[in-house]
Every structure is written in C-alpha cells, then in structure tokens.
Amino acid sequence: MNFTKKLIAVLALVPGLVFAAEGGFPLDRAPERSDMASLQNGAKLFVNHCLNCHSAVSMRYNRLRDLGLSDEQIKTNLLFSADKVGELMKTSLRTDDAKAWFGAVPPDLSVIARAKSSPAGSGADYLYTYLRTFYKDDTRPTGWNNMVVPNVAMPHVMWQMQGLRTPKMVEQADPHDATKKIHTFAGWDQVAPGTMSSADFDTETADLVAYLSWMAEPAQGTRKKLGAIVLIFLSVFAFLAWRLNASYWKDLK
C-alpha cells in the first residue's frame, strides 16, 4: 500500500519535472556538419580541450580511421595520453584530483551527445548551446559560469578563442506577480576579445559538437545508408506486390 502511494506521488510530480527541464535556457539549433574536414577538426578539438579532464572509454583512437585519418596522423597529432592507436580514449586526470579541483569527477563523453537529448532539443543542440554560453563569474571557484548549467563546475576550456564575456540581464516585472521582478537574458557584453571572431568560434564549436555526435554512434552513417536501401527495396517490393495482386484479380473478374 505504501509503495502504491509513493508511486502515485512520483507520477504526480512528473509533469512538473518535465516543465522544469523545458523551462531553462533556450537551446540553439546546432549546425549540420558531417563532412570529413569538420569531423577531423572536431576530433582535434576534443583531444586538445576535452580529453585533458574527460574520458571517452567507449572509443578507441583507431576508430578515427573512419574519419579518413591514418595511424601515423593519429599518432602524430592526436595520441597524447596513450601509446598505441588501439587504446581507449582515457584521461590522465586522477579521480581524487578531479574531485579536489572541480568538486566532481568529469563525466565520460562517449555518448554524451545522445544522453543530453531532451524535449527541449537534440543532444547536439544542448552541447552547442552549452559550449557557447560560458561567462566570467568571479564568485565561482573556477571563475566561470554557464547559462545552460548554472553554477557549473567545469571551467571554460576554450575561453582564449571566445574571449571574456558577461551576460546582459534586463529587469522586468514578473507576469505572474506584479510585485516581483525577474531578470531575463538580453545578449552578451564582450569584456575582452578572443583569438577568433564570434562566427569563427561558433564554427569551431559546431565541429566539436559534430565529432561528439559522431563518437556517440560512429556507425550512424552506415545505418542511415542501409536504412535508405531498405526503404527503396520495400518500395519496389510493394509496387511489384500491388501489380501482381491487380493481375491476379483481373483474371478472376
């Protein structure tokens, strides 16, 4: 009986939980970037900026051959925390150091692009918005905060490219209570320029997100091609079955 009551209480809270998840910072649509040059650049960004703290233990370096890279290119340009291209993408960051520096162990990124999919947008949309909405916040231990994940533990690892920014907040009356004020996001103030323009940084971020999406399912290209072939086969088979059925019943009529 107690279990039934608890289950009913949890189900009653589900609509509120979904509303809270959808009521956060709006997600931008991630650009579609699936060409080899973009994915190779994304792999480089991942290794240089993400793999220092995050791991991707479901991915091996030699799988990057699917992106048109040779073993020699992988060894020379991407193999920094391993000795062989057949090894897993592990970080050299120790667990106890991660807890001491960030307060939590950075999550594995193998399937992060799939895990972050929600009614608010795809996992790629989430990552694309998240990586572009860091801002300087001296009240935080790392000196950084994020619009998508408030009080985030992760620092802005690509801040030199994007530069220093702070959000512009506009005070407005609460539509549900006129006696209260709410602050809404109204853009960014560029405190210090980065090494890239805003458009170029967005392109770099899109490449990184494209690689994270590819890493979450490296065989997705093959799956989509096979899906198209199966649909064509079924269409041809359906047409032949339709004509055969018409020919069969014509003789009986």
# chains A, B, ... in the order shown; residues from 1 in each chain; ligands from 1
>>> residues_around(residues="range 64-75 of chain A", least_positions_apart="2", cutoff="8 Å", atoms="only C-alpha atoms", output="ChimeraX atom specification")
/A:36,39-40,60-62,77-79,84-85
>>> closest_atom_pairs(of="range 162-244 of chain A", to="range 140-151 of chain A", cutoff="10 Å", atoms="only C-alpha atoms", output="JSON lines")
{"residue": "A:Leu164", "atom": "CA", "partner": "A:Trp144", "partner_atom": "CA", "distance": 9.9}
{"residue": "A:Thr166", "atom": "CA", "partner": "A:Asn145", "partner_atom": "CA", "distance": 9.6}
{"residue": "A:Pro167", "atom": "CA", "partner": "A:Met147", "partner_atom": "CA", "distance": 8.6}
{"residue": "A:Phe185", "atom": "CA", "partner": "A:Met147", "partner_atom": "CA", "distance": 9.1}
>>> residues_around(residues="Leu127 in chain A", least_positions_apart="2", cutoff="12 Å", atoms="only C-alpha atoms", output="ChimeraX atom specification")
/A:27-31,109,111-118,121-125,129-134,146,148-149,202,205-213
>>> select_by_dssp(residues="range 95-150 of chain A", states="helix (DSSP H, G or I)", output="list in words")
Thr95, Asp96, Asp97, Ala98, Lys99, Ala100, Trp101, Phe102, Ile112, Ala113, Arg114, Ala115, Gly123, Ala124, Asp125, Tyr126, Leu127, Tyr128, Thr129, Tyr130 and Leu131 of chain A
>>> atom_distance(atom1="CA of Gln190 in chain A", atom2="CA of Val157 in chain A")
17.2 Å
>>> atom_distance(atom1="CA of Ala56 in chain A", atom2="CA of Thr222 in chain A")
21.5 Å
>>> atom_distance(atom1="CA of Leu93 in chain A", atom2="CA of Val152 in chain A")
18.8 Å
>>> select_by_dssp(residues="range 96-220 of chain A", states="strand (DSSP E)", output="number ranges by chain")
A: 134-136, 144-146, 163-174, 177-193
>>> write_last_selection(atoms="C-alpha atoms", output="mmCIF file, in the first residue's frame")
data_model
loop_
_atom_site.group_PDB
_atom_site.id
_atom_site.type_symbol
_atom_site.label_atom_id
_atom_site.label_comp_id
_atom_site.auth_asym_id
_atom_site.auth_seq_id
_atom_site.Cartn_x
_atom_site.Cartn_y
_atom_site.Cartn_z
ATOM 1 C CA PHE A 134 30.136 30.292 -20.650
ATOM 2 C CA TYR A 135 30.752 33.641 -18.992
ATOM 3 C CA LYS A 136 33.147 35.151 -16.478
ATOM 4 C CA TRP A 144 33.313 30.651 -14.819
ATOM 5 C CA ASN A 145 29.579 30.078 -15.021
ATOM 6 C CA ASN A 146 27.184 28.924 -17.708
ATOM 7 C CA GLY A 163 37.306 35.814 -25.161
ATOM 8 C CA LEU A 164 35.758 37.061 -21.924
ATOM 9 C CA ARG A 165 32.031 37.755 -21.870
ATOM 10 C CA THR A 166 29.368 38.634 -19.354
ATOM 11 C CA PRO A 167 25.608 38.290 -19.860
ATOM 12 C CA LYS A 168 23.351 41.336 -20.169
ATOM 13 C CA MET A 169 20.324 40.898 -17.929
ATOM 14 C CA VAL A 170 17.185 43.041 -18.178
ATOM 15 C CA GLU A 171 14.899 43.512 -15.179
ATOM 16 C CA GLN A 172 11.213 43.018 -15.913
ATOM 17 C CA ALA A 173 8.022 42.606 -13.951
ATOM 18 C CA ASP A 174 7.024 39.037 -13.180
ATOM 19 C CA ASP A 177 3.205 38.560 -9.746
ATOM 20 C CA ALA A 178 3.425 42.306 -10.428
ATOM 21 C CA THR A 179 5.142 42.905 -7.071
ATOM 22 C CA LYS A 180 8.159 40.837 -8.110
ATOM 23 C CA LYS A 181 10.927 41.415 -10.632
ATOM 24 C CA ILE A 182 12.624 38.862 -12.854
ATOM 25 C CA HIS A 183 15.856 39.102 -14.839
ATOM 26 C CA THR A 184 15.886 37.914 -18.433
ATOM 27 C CA PHE A 185 18.851 37.328 -20.721
ATOM 28 C CA ALA A 186 19.342 40.075 -23.341
ATOM 29 C CA GLY A 187 22.654 39.235 -25.023
ATOM 30 C CA TRP A 188 26.341 39.437 -24.234
ATOM 31 C CA ASP A 189 28.896 42.096 -23.330
ATOM 32 C CA GLN A 190 32.326 41.286 -24.777
ATOM 33 C CA VAL A 191 34.738 42.210 -21.974
ATOM 34 C CA ALA A 192 37.885 41.087 -23.804
ATOM 35 C CA PRO A 193 38.243 39.784 -27.371
#
>>> decode(residues="range 186-199 of chain A", atoms="all heavy atoms", output="PDB file, in the first residue's frame")
ATOM      1  N   ALA A 186      19.521  39.150 -22.221  1.00  0.00           N
ATOM      2  CA  ALA A 186      19.342  40.075 -23.341  1.00  0.00           C
ATOM      3  C   ALA A 186      20.601  40.204 -24.204  1.00  0.00           C
ATOM      4  O   ALA A 186      20.807  41.231 -24.853  1.00  0.00           O
ATOM      5  CB  ALA A 186      18.922  41.448 -22.826  1.00  0.00           C
ATOM      6  N   GLY A 187      21.453  39.175 -24.189  1.00  0.00           N
ATOM      7  CA  GLY A 187      22.654  39.235 -25.023  1.00  0.00           C
ATOM      8  C   GLY A 187      23.924  39.206 -24.203  1.00  0.00           C
ATOM      9  O   GLY A 187      23.915  38.915 -22.995  1.00  0.00           O
ATOM     10  N   TRP A 188      25.034  39.528 -24.873  1.00  0.00           N
ATOM     11  CA  TRP A 188      26.341  39.437 -24.234  1.00  0.00           C
ATOM     12  C   TRP A 188      27.103  40.757 -24.325  1.00  0.00           C
ATOM     13  O   TRP A 188      26.973  41.493 -25.303  1.00  0.00           O
ATOM     14  CB  TRP A 188      27.177  38.343 -24.900  1.00  0.00           C
ATOM     15  CG  TRP A 188      26.617  36.976 -24.787  1.00  0.00           C
ATOM     16  CD1 TRP A 188      25.866  36.326 -25.725  1.00  0.00           C
ATOM     17  CD2 TRP A 188      26.728  36.087 -23.678  1.00  0.00           C
ATOM     18  NE1 TRP A 188      25.518  35.085 -25.266  1.00  0.00           N
ATOM     19  CE2 TRP A 188      26.025  34.908 -24.012  1.00  0.00           C
ATOM     20  CE3 TRP A 188      27.350  36.175 -22.436  1.00  0.00           C
ATOM     21  CZ2 TRP A 188      25.941  33.819 -23.157  1.00  0.00           C
ATOM     22  CZ3 TRP A 188      27.265  35.087 -21.574  1.00  0.00           C
ATOM     23  CH2 TRP A 188      26.561  33.930 -21.924  1.00  0.00           C
ATOM     24  N   ASP A 189      27.913  41.021 -23.310  1.00  0.00           N
ATOM     25  CA  ASP A 189      28.896  42.096 -23.330  1.00  0.00           C
ATOM     26  C   ASP A 189      30.275  41.461 -23.476  1.00  0.00           C
ATOM     27  O   ASP A 189      30.678  40.627 -22.647  1.00  0.00           O
ATOM     28  CB  ASP A 189      28.843  42.920 -22.034  1.00  0.00           C
ATOM     29  CG  ASP A 189      27.655  43.867 -21.999  1.00  0.00           C
ATOM     30  OD1 ASP A 189      27.316  44.415 -23.052  1.00  0.00           O
ATOM     31  OD2 ASP A 189      27.081  44.058 -20.906  1.00  0.00           O
ATOM     32  N   GLN A 190      30.994  41.829 -24.542  1.00  0.00           N
ATOM     33  CA  GLN A 190      32.326  41.286 -24.777  1.00  0.00           C
ATOM     34  C   GLN A 190      33.325  42.093 -23.963  1.00  0.00           C
ATOM     35  O   GLN A 190      33.665  43.228 -24.303  1.00  0.00           O
ATOM     36  CB  GLN A 190      32.667  41.335 -26.269  1.00  0.00           C
ATOM     37  CG  GLN A 190      33.910  40.553 -26.657  1.00  0.00           C
ATOM     38  CD  GLN A 190      33.677  39.043 -26.687  1.00  0.00           C
ATOM     39  OE1 GLN A 190      32.595  38.585 -27.000  1.00  0.00           O
ATOM     40  NE2 GLN A 190      34.708  38.269 -26.358  1.00  0.00           N
ATOM     41  N   VAL A 191      33.805  41.523 -22.867  1.00  0.00           N
ATOM     42  CA  VAL A 191      34.738  42.210 -21.974  1.00  0.00           C
ATOM     43  C   VAL A 191      36.126  42.268 -22.579  1.00  0.00           C
ATOM     44  O   VAL A 191      36.811  43.295 -22.527  1.00  0.00           O
ATOM     45  CB  VAL A 191      34.777  41.515 -20.603  1.00  0.00           C
ATOM     46  CG1 VAL A 191      35.778  42.198 -19.676  1.00  0.00           C
ATOM     47  CG2 VAL A 191      33.396  41.501 -19.966  1.00  0.00           C
ATOM     48  N   ALA A 192      36.569  41.151 -23.157  1.00  0.00           N
ATOM     49  CA  ALA A 192      37.885  41.087 -23.804  1.00  0.00           C
ATOM     50  C   ALA A 192      37.768  40.192 -25.027  1.00  0.00           C
ATOM     51  O   ALA A 192      37.115  39.150 -24.969  1.00  0.00           O
ATOM     52  CB  ALA A 192      38.934  40.543 -22.844  1.00  0.00           C
ATOM     53  N   PRO A 193      38.367  40.581 -26.147  1.00  0.00           N
ATOM     54  CA  PRO A 193      38.243  39.784 -27.371  1.00  0.00           C
ATOM     55  C   PRO A 193      39.027  38.486 -27.277  1.00  0.00           C
ATOM     56  O   PRO A 193      40.009  38.374 -26.523  1.00  0.00           O
ATOM     57  CB  PRO A 193      38.828  40.703 -28.447  1.00  0.00           C
ATOM     58  CG  PRO A 193      39.805  41.563 -27.701  1.00  0.00           C
ATOM     59  CD  PRO A 193      39.205  41.784 -26.338  1.00  0.00           C
ATOM     60  N   GLY A 194      38.582  37.503 -28.040  1.00  0.00           N
ATOM     61  CA  GLY A 194      39.299  36.242 -28.129  1.00  0.00           C
ATOM     62  C   GLY A 194      40.158  36.196 -29.372  1.00  0.00           C
ATOM     63  O   GLY A 194      40.270  37.170 -30.126  1.00  0.00           O
ATOM     64  N   THR A 195      40.758  35.050 -29.618  1.00  0.00           N
ATOM     65  CA  THR A 195      41.600  34.890 -30.802  1.00  0.00           C
ATOM     66  C   THR A 195      40.765  34.665 -32.053  1.00  0.00           C
ATOM     67  O   THR A 195      41.312  34.702 -33.159  1.00  0.00           O
ATOM     68  CB  THR A 195      42.560  33.705 -30.617  1.00  0.00           C
ATOM     69  OG1 THR A 195      41.799  32.512 -30.371  1.00  0.00           O
ATOM     70  CG2 THR A 195      43.492  33.951 -29.439  1.00  0.00           C
ATOM     71  N   MET A 196      39.459  34.439 -31.890  1.00  0.00           N
ATOM     72  CA  MET A 196      38.559  34.204 -33.015  1.00  0.00           C
ATOM     73  C   MET A 196      37.395  35.171 -32.966  1.00  0.00           C
ATOM     74  O   MET A 196      37.037  35.680 -31.895  1.00  0.00           O
ATOM     75  CB  MET A 196      37.993  32.771 -32.984  1.00  0.00           C
ATOM     76  CG  MET A 196      38.996  31.678 -33.177  1.00  0.00           C
ATOM     77  SD  MET A 196      38.163  30.057 -33.193  1.00  0.00           S
ATOM     78  CE  MET A 196      39.554  28.994 -33.559  1.00  0.00           C
ATOM     79  N   SER A 197      36.813  35.411 -34.111  1.00  0.00           N
ATOM     80  CA  SER A 197      35.568  36.162 -34.159  1.00  0.00           C
ATOM     81  C   SER A 197      34.441  35.279 -33.622  1.00  0.00           C
ATOM     82  O   SER A 197      34.593  34.059 -33.496  1.00  0.00           O
ATOM     83  CB  SER A 197      35.256  36.605 -35.588  1.00  0.00           C
ATOM     84  OG  SER A 197      34.991  35.469 -36.409  1.00  0.00           O
ATOM     85  N   SER A 198      33.310  35.881 -33.325  1.00  0.00           N
ATOM     86  CA  SER A 198      32.173  35.126 -32.808  1.00  0.00           C
ATOM     87  C   SER A 198      31.725  34.055 -33.804  1.00  0.00           C
ATOM     88  O   SER A 198      31.430  32.913 -33.423  1.00  0.00           O
ATOM     89  CB  SER A 198      31.011  36.074 -32.497  1.00  0.00           C
ATOM     90  OG  SER A 198      29.883  35.359 -32.046  1.00  0.00           O
ATOM     91  N   ALA A 199      31.696  34.409 -35.092  1.00  0.00           N
ATOM     92  CA  ALA A 199      31.270  33.461 -36.125  1.00  0.00           C
ATOM     93  C   ALA A 199      32.251  32.293 -36.239  1.00  0.00           C
ATOM     94  O   ALA A 199      31.840  31.128 -36.381  1.00  0.00           O
ATOM     95  CB  ALA A 199      31.125  34.163 -37.461  1.00  0.00           C
TER      96      ALA A 199
END
